[in-house]
$ cat model-v9.json   # JSON, C-alpha atoms
[["chain", "number", "residue", "atom", "x", "y", "z"],
["A", 1, "MET", "CA", 0.00, 0.00, 0.00],
["A", 2, "SER", "CA", 1.17, 3.52, -0.74],
["A", 3, "ASP", "CA", 2.21, 5.59, 2.26],
["A", 4, "PRO", "CA", 0.67, 9.06, 1.82],
["A", 5, "ASP", "CA", 3.04, 10.75, 4.28],
["A", 6, "ASN", "CA", 6.16, 9.35, 2.63],
["A", 7, "ALA", "CA", 4.84, 10.21, -0.83],
["A", 8, "MET", "CA", 3.85, 13.76, 0.14],
["A", 9, "ASN", "CA", 7.14, 14.30, 1.97],
["A", 10, "ASP", "CA", 9.07, 13.19, -1.14],
["A", 11, "ILE", "CA", 7.04, 15.50, -3.40],
["A", 12, "ALA", "CA", 7.39, 18.44, -1.01],
["A", 13, "SER", "CA", 11.16, 17.93, -0.79],
["A", 14, "ARG", "CA", 11.57, 17.48, -4.55],
["A", 15, "PHE", "CA", 9.77, 20.75, -5.34],
["A", 16, "ASP", "CA", 11.10, 22.78, -2.38],
["A", 17, "PHE", "CA", 7.94, 23.02, -0.27],
["A", 18, "GLN", "CA", 8.26, 22.94, 3.53],
["A", 19, "HIS", "CA", 4.73, 21.93, 4.56],
["A", 20, "TYR", "CA", 1.99, 19.75, 3.13],
["A", 21, "LEU", "CA", -1.60, 18.88, 3.96],
["A", 22, "LEU", "CA", -3.43, 16.12, 2.05],
["A", 23, "LEU", "CA", -7.19, 15.76, 2.46],
["A", 24, "ALA", "CA", -9.51, 12.99, 1.31],
["A", 25, "GLY", "CA", -13.26, 12.59, 1.12],
["A", 26, "ASN", "CA", -16.05, 14.09, -0.92],
["A", 27, "ASP", "CA", -18.17, 17.22, -0.88],
["A", 28, "ASP", "CA", -21.17, 15.64, 0.82],
["A", 29, "GLY", "CA", -19.82, 13.12, 3.35],
["A", 30, "PRO", "CA", -17.08, 12.58, 5.91],
["A", 31, "ARG", "CA", -13.61, 13.95, 5.15],
["A", 32, "THR", "CA", -10.25, 13.51, 6.80],
["A", 33, "VAL", "CA", -6.58, 14.46, 6.74],
["A", 34, "ILE", "CA", -4.56, 11.52, 5.44],
["A", 35, "ALA", "CA", -1.08, 13.09, 5.36],
["A", 36, "THR", "CA", 0.49, 16.20, 6.85],
["A", 37, "ASN", "CA", 3.63, 17.52, 8.50],
["A", 38, "TRP", "CA", 1.81, 20.40, 10.20],
["A", 39, "HIS", "CA", 2.40, 20.67, 13.93],
["A", 40, "PRO", "CA", -0.41, 18.76, 15.72],
["A", 41, "LYS", "CA", -1.44, 21.82, 17.75],
["A", 42, "LEU", "CA", -1.78, 23.95, 14.62],
["A", 43, "LEU", "CA", -3.73, 21.21, 12.82],
["A", 44, "SER", "CA", -6.05, 20.76, 15.80],
["A", 45, "ALA", "CA", -6.68, 24.50, 16.02],
["A", 46, "TYR", "CA", -7.28, 24.65, 12.26],
["A", 47, "ASP", "CA", -9.83, 21.86, 12.57],
["A", 48, "ARG", "CA", -11.57, 23.51, 15.54],
["A", 49, "GLN", "CA", -12.06, 26.59, 13.38],
["A", 50, "SER", "CA", -13.80, 24.33, 10.77],
["A", 51, "LEU", "CA", -11.25, 25.36, 8.14],
["A", 52, "ILE", "CA", -10.04, 21.98, 6.90],
["A", 53, "PHE", "CA", -12.91, 21.67, 4.45],
["A", 54, "ARG", "CA", -14.54, 25.06, 4.86],
["A", 55, "SER", "CA", -11.72, 27.42, 3.93],
["A", 56, "ARG", "CA", -12.08, 29.95, 1.14],
["A", 57, "PHE", "CA", -9.05, 28.44, -0.60],
["A", 58, "VAL", "CA", -10.39, 24.88, -0.61],
["A", 59, "ALA", "CA", -13.67, 26.26, -1.97],
["A", 60, "GLU", "CA", -11.78, 27.99, -4.79],
["A", 61, "LEU", "CA", -10.17, 24.69, -5.78],
["A", 62, "ARG", "CA", -13.54, 23.14, -6.63],
["A", 63, "GLY", "CA", -13.94, 22.86, -10.37],
["A", 64, "GLN", "CA", -10.28, 23.70, -11.04],
["A", 65, "LEU", "CA", -8.17, 21.31, -13.10],
["A", 66, "MET", "CA", -4.89, 23.18, -12.63],
["A", 67, "PRO", "CA", -3.06, 24.10, -9.41],
["A", 68, "VAL", "CA", -4.26, 27.26, -7.69],
["A", 69, "VAL", "CA", -2.01, 29.66, -5.75],
["A", 70, "ASP", "CA", -2.83, 31.21, -2.37],
["A", 71, "LEU", "CA", -0.58, 34.16, -1.56],
["A", 72, "LYS", "CA", -2.92, 35.94, 0.86],
["A", 73, "GLY", "CA", -3.71, 33.33, 3.48],
["A", 74, "GLN", "CA", -7.09, 32.27, 2.09],
["A", 75, "MET", "CA", -6.45, 28.89, 3.71],
["A", 76, "PHE", "CA", -7.19, 30.69, 6.96],
["A", 77, "GLU", "CA", -10.41, 32.35, 5.81],
["A", 78, "ARG", "CA", -13.86, 30.84, 5.89],
["A", 79, "GLU", "CA", -15.93, 30.86, 2.73],
["A", 80, "SER", "CA", -17.81, 33.84, 4.22],
["A", 81, "GLY", "CA", -14.53, 35.80, 4.21],
["A", 82, "GLU", "CA", -14.06, 35.72, 7.99],
["A", 83, "ARG", "CA", -10.35, 35.32, 8.76],
["A", 84, "ALA", "CA", -8.83, 33.31, 11.62],
["A", 85, "SER", "CA", -6.13, 35.91, 12.21],
["A", 86, "SER", "CA", -4.37, 34.25, 15.16],
["A", 87, "LEU", "CA", -4.07, 30.98, 13.23],
["A", 88, "LEU", "CA", -2.76, 32.80, 10.19],
["A", 89, "GLU", "CA", -0.06, 34.48, 12.28],
["A", 90, "ALA", "CA", 0.94, 31.16, 13.89],
["A", 91, "ALA", "CA", 1.13, 29.48, 10.47],
["A", 92, "ARG", "CA", 3.19, 32.26, 8.95],
["A", 93, "ALA", "CA", 5.59, 32.10, 11.90],
["A", 94, "ILE", "CA", 6.55, 28.54, 10.90],
["A", 95, "GLY", "CA", 6.69, 29.20, 7.16],
["A", 96, "ILE", "CA", 3.16, 28.44, 5.93],
["A", 97, "LYS", "CA", 2.85, 31.67, 3.97],
["A", 98, "GLU", "CA", 2.25, 30.84, 0.31],
["A", 99, "THR", "CA", 0.43, 27.73, -0.85],
["A", 100, "LEU", "CA", -0.09, 25.77, -4.04],
["A", 101, "GLY", "CA", -3.25, 23.66, -4.05],
["A", 102, "LEU", "CA", -4.51, 20.92, -6.35],
["A", 103, "ARG", "CA", -7.75, 18.97, -6.19],
["A", 104, "VAL", "CA", -8.05, 15.58, -7.89],
["A", 105, "ILE", "CA", -11.30, 13.62, -8.22],
["A", 106, "TYR", "CA", -10.39, 9.93, -8.06],
["A", 107, "SER", "CA", -13.96, 8.62, -7.91],
["A", 108, "LYS", "CA", -17.46, 9.73, -6.94],
["A", 109, "HIS", "CA", -16.65, 9.17, -3.28],
["A", 110, "VAL", "CA", -12.95, 10.03, -3.12],
["A", 111, "ILE", "CA", -11.61, 13.50, -3.80],
["A", 112, "TYR", "CA", -8.04, 14.38, -2.86],
["A", 113, "THR", "CA", -6.99, 17.93, -2.08],
["A", 114, "ALA", "CA", -3.25, 18.62, -1.72],
["A", 115, "LEU", "CA", -1.98, 21.87, -0.20],
["A", 116, "LEU", "CA", 1.79, 22.48, -0.30],
["A", 117, "SER", "CA", 3.21, 25.56, 1.41],
["A", 118, "ALA", "CA", 6.45, 27.50, 1.75],
["A", 119, "PRO", "CA", 7.61, 30.91, 3.04],
["A", 120, "LYS", "CA", 7.77, 31.86, -0.66],
["A", 121, "LEU", "CA", 6.48, 29.66, -3.45],
["A", 122, "PRO", "CA", 9.34, 27.95, -5.29],
["A", 123, "SER", "CA", 9.65, 28.09, -9.04],
["A", 124, "VAL", "CA", 7.81, 24.89, -9.87],
["A", 125, "ASP", "CA", 7.94, 22.83, -13.05],
["A", 126, "LEU", "CA", 4.15, 22.52, -13.19],
["A", 127, "PRO", "CA", 3.93, 19.56, -15.61],
["A", 128, "ALA", "CA", 6.38, 17.55, -13.49],
["A", 129, "PHE", "CA", 4.68, 18.62, -10.25],
["A", 130, "MET", "CA", 1.22, 17.65, -11.49],
["A", 131, "PHE", "CA", 2.49, 14.37, -12.93],
["A", 132, "ASP", "CA", 4.04, 13.36, -9.61],
["A", 133, "LEU", "CA", 1.18, 14.56, -7.43],
["A", 134, "ILE", "CA", -1.63, 13.13, -9.54],
["A", 135, "GLY", "CA", 0.30, 9.87, -9.86],
["A", 136, "ALA", "CA", 0.66, 9.65, -6.08],
["A", 137, "MET", "CA", -3.02, 10.41, -5.47],
["A", 138, "SER", "CA", -4.05, 7.84, -8.08],
["A", 139, "SER", "CA", -2.00, 5.23, -6.26],
["A", 140, "PHE", "CA", -3.69, 6.17, -2.98],
["A", 141, "GLY", "CA", -7.06, 5.67, -4.66],
["A", 142, "ARG", "CA", -6.10, 2.26, -6.02],
["A", 143, "ASP", "CA", -5.04, 1.25, -2.52],
["A", 144, "GLY", "CA", -8.28, 2.53, -1.04],
["A", 145, "VAL", "CA", -6.62, 5.28, 1.01],
["A", 146, "GLY", "CA", -9.31, 7.75, 2.05],
["A", 147, "ALA", "CA", -12.11, 5.70, 0.49],
["A", 148, "ASN", "CA", -13.94, 5.59, 3.82],
["A", 149, "PRO", "CA", -12.55, 8.57, 5.69],
["A", 150, "SER", "CA", -13.53, 9.28, 9.28],
["A", 151, "PRO", "CA", -14.07, 12.84, 10.42],
["A", 152, "ILE", "CA", -11.38, 14.25, 12.68],
["A", 153, "LEU", "CA", -12.52, 14.70, 16.27],
["A", 154, "THR", "CA", -10.24, 16.55, 18.65],
["A", 155, "PRO", "CA", -9.24, 14.78, 21.90],
["A", 156, "ARG", "CA", -11.62, 17.00, 23.90],
["A", 157, "GLU", "CA", -14.50, 16.32, 21.51],
["A", 158, "ARG", "CA", -13.89, 12.59, 21.91],
["A", 159, "GLU", "CA", -13.84, 12.92, 25.71],
["A", 160, "CYS", "CA", -17.17, 14.75, 25.71],
["A", 161, "LEU", "CA", -18.68, 12.25, 23.31],
["A", 162, "ARG", "CA", -17.52, 9.28, 25.40],
["A", 163, "TRP", "CA", -19.21, 10.69, 28.52],
["A", 164, "ILE", "CA", -22.37, 11.53, 26.56],
["A", 165, "ALA", "CA", -22.34, 7.91, 25.33],
["A", 166, "ALA", "CA", -22.10, 6.86, 28.98],
["A", 167, "GLY", "CA", -25.36, 8.65, 29.69],
["A", 168, "LYS", "CA", -24.08, 11.91, 31.17],
["A", 169, "ASN", "CA", -25.66, 15.28, 30.45],
["A", 170, "SER", "CA", -23.71, 18.45, 29.64],
["A", 171, "SER", "CA", -23.55, 19.64, 33.25],
["A", 172, "GLU", "CA", -22.26, 16.26, 34.44],
["A", 173, "VAL", "CA", -19.67, 16.08, 31.64],
["A", 174, "GLY", "CA", -18.57, 19.62, 32.47],
["A", 175, "ALA", "CA", -18.07, 18.72, 36.12],
["A", 176, "ILE", "CA", -16.06, 15.62, 35.19],
["A", 177, "LEU", "CA", -13.82, 17.49, 32.72],
["A", 178, "ASP", "CA", -13.70, 20.73, 34.72],
["A", 179, "ILE", "CA", -15.23, 22.82, 31.95],
["A", 180, "SER", "CA", -18.57, 24.62, 31.68],
["A", 181, "ALA", "CA", -21.75, 23.01, 30.37],
["A", 182, "HIS", "CA", -21.74, 25.70, 27.68],
["A", 183, "THR", "CA", -18.29, 24.51, 26.54],
["A", 184, "VAL", "CA", -19.50, 20.91, 26.48],
["A", 185, "ASN", "CA", -22.46, 21.97, 24.33],
["A", 186, "SER", "CA", -20.06, 23.76, 21.98],
["A", 187, "TYR", "CA", -17.90, 20.64, 21.61],
["A", 188, "MET", "CA", -20.96, 18.50, 20.97],
["A", 189, "LYS", "CA", -22.24, 20.95, 18.38],
["A", 190, "ASN", "CA", -18.92, 20.52, 16.56],
["A", 191, "VAL", "CA", -19.18, 16.73, 16.82],
["A", 192, "ILE", "CA", -22.73, 16.70, 15.43],
["A", 193, "SER", "CA", -21.65, 18.92, 12.53],
["A", 194, "LYS", "CA", -18.56, 16.83, 11.72],
["A", 195, "LEU", "CA", -20.49, 13.56, 11.80],
["A", 196, "GLY", "CA", -23.31, 14.95, 9.69],
["A", 197, "VAL", "CA", -26.05, 13.97, 12.15],
["A", 198, "VAL", "CA", -28.87, 15.88, 13.83],
["A", 199, "ASN", "CA", -28.64, 14.92, 17.50],
["A", 200, "ARG", "CA", -26.40, 13.41, 20.18],
["A", 201, "ALA", "CA", -27.92, 9.94, 20.00],
["A", 202, "GLN", "CA", -27.10, 9.70, 16.30],
["A", 203, "ALA", "CA", -23.63, 11.09, 16.98],
["A", 204, "VAL", "CA", -22.94, 8.35, 19.50],
["A", 205, "GLY", "CA", -24.18, 5.64, 17.13],
["A", 206, "ILE", "CA", -22.10, 6.90, 14.18],
["A", 207, "ALA", "CA", -19.05, 7.37, 16.40],
["A", 208, "PHE", "CA", -19.24, 3.74, 17.52],
["A", 209, "ASP", "CA", -19.62, 2.58, 13.90],
["A", 210, "LEU", "CA", -16.54, 4.59, 12.88],
["A", 211, "SER", "CA", -14.55, 3.50, 15.96],
["A", 212, "LEU", "CA", -14.15, 7.12, 17.03],
["A", 213, "ILE", "CA", -14.99, 6.26, 20.66]]
$ encode --input "model-v9.json" --output "structure tokens"
Amino acid sequence: MSDPDNAMNDIASRFDFQHYLLLAGNDDGPRTVIATNWHPKLLSAYDRQSLIFRSRFVAELRGQLMPVVDLKGQMFERESGERASSLLEAARAIGIKETLGLRVIYSKHVIYTALLSAPKLPSVDLPAFMFDLIGAMSSFGRDGVGANPSPILTPRERECLRWIAAGKNSSEVGAILDISAHTVNSYMKNVISKLGVVNRAQAVGIAFDLSLI
């Protein structure tokens, strides 16, 4: 089986990018990160801001056959135009400043989105870059990588969901985790959105099916 992290690391190194983020899924169902060298804290914060599949830049990639360049930090803007300024500053501090993105539809259910970043975009041989990247993503598809992606839940979201599954209400979960009931409700709202369900009972059932708890 192809190793997405090794493949993306090789491509990033070959074309002088410092950071990469590879997403898999489709536009209507669960999506996930299948390869990245982003710092875990930055990735977790990015996910909490609902930017992994809701950023303005990822939206701009839809329908594009060629790579698209982000020089203004659109990766850190929601489709509405609202910017996560603190995240953008943290990303720029470690060199995620300019990004080249490419979206490849492997099948009806598997769409890959690759985002490669650097302090300044390198001079890229686009035909060679696209050949290597599309070839890698095609191999992931043949191996089934990302065919049944699970949504990313943060550690705190999982904790809340586990206690909800155990029959606790928001106030009880808050007391156990030393956070407010309002914060628990906020985490559960994120969980329900990520799992594409309408209530907590459905969230618990889907989470068990996907081995998220």
$ closest_residue --input "model-v9.json" --among "A:Leu65, A:Leu71, A:Leu153, A:Ile105" --to "Ala24 in chain A" --atoms "only C-alpha atoms"
A:Ile105
$ residues_around --input "model-v9.json" --residues "range 77-82 of chain A" --least-positions-apart "4" --cutoff "10 Å" --atoms "all atoms listed in the file" --output "list of chain:residue names"
A:Gln49, A:Ser50, A:Leu51, A:Ile52, A:Phe53, A:Arg54, A:Ser55, A:Arg56, A:Phe57, A:Val58, A:Ala59, A:Glu60, A:Lys72, A:Gly73, A:Leu87, A:Leu88
$ closest_residue --input "model-v9.json" --among "A:Ser85, A:Ser44, A:Asn199, A:Ser170" --to "Ser186 in chain A" --atoms "all atoms listed in the file"
A:Ser170
$ atom_distance --input "model-v9.json" --atom1 "CA of Ala203 in chain A" --atom2 "CA of Leu161 in chain A"
8.1 Å
$ atom_distance --input "model-v9.json" --atom1 "CA of Val104 in chain A" --atom2 "CA of Met8 in chain A"
14.5 Å
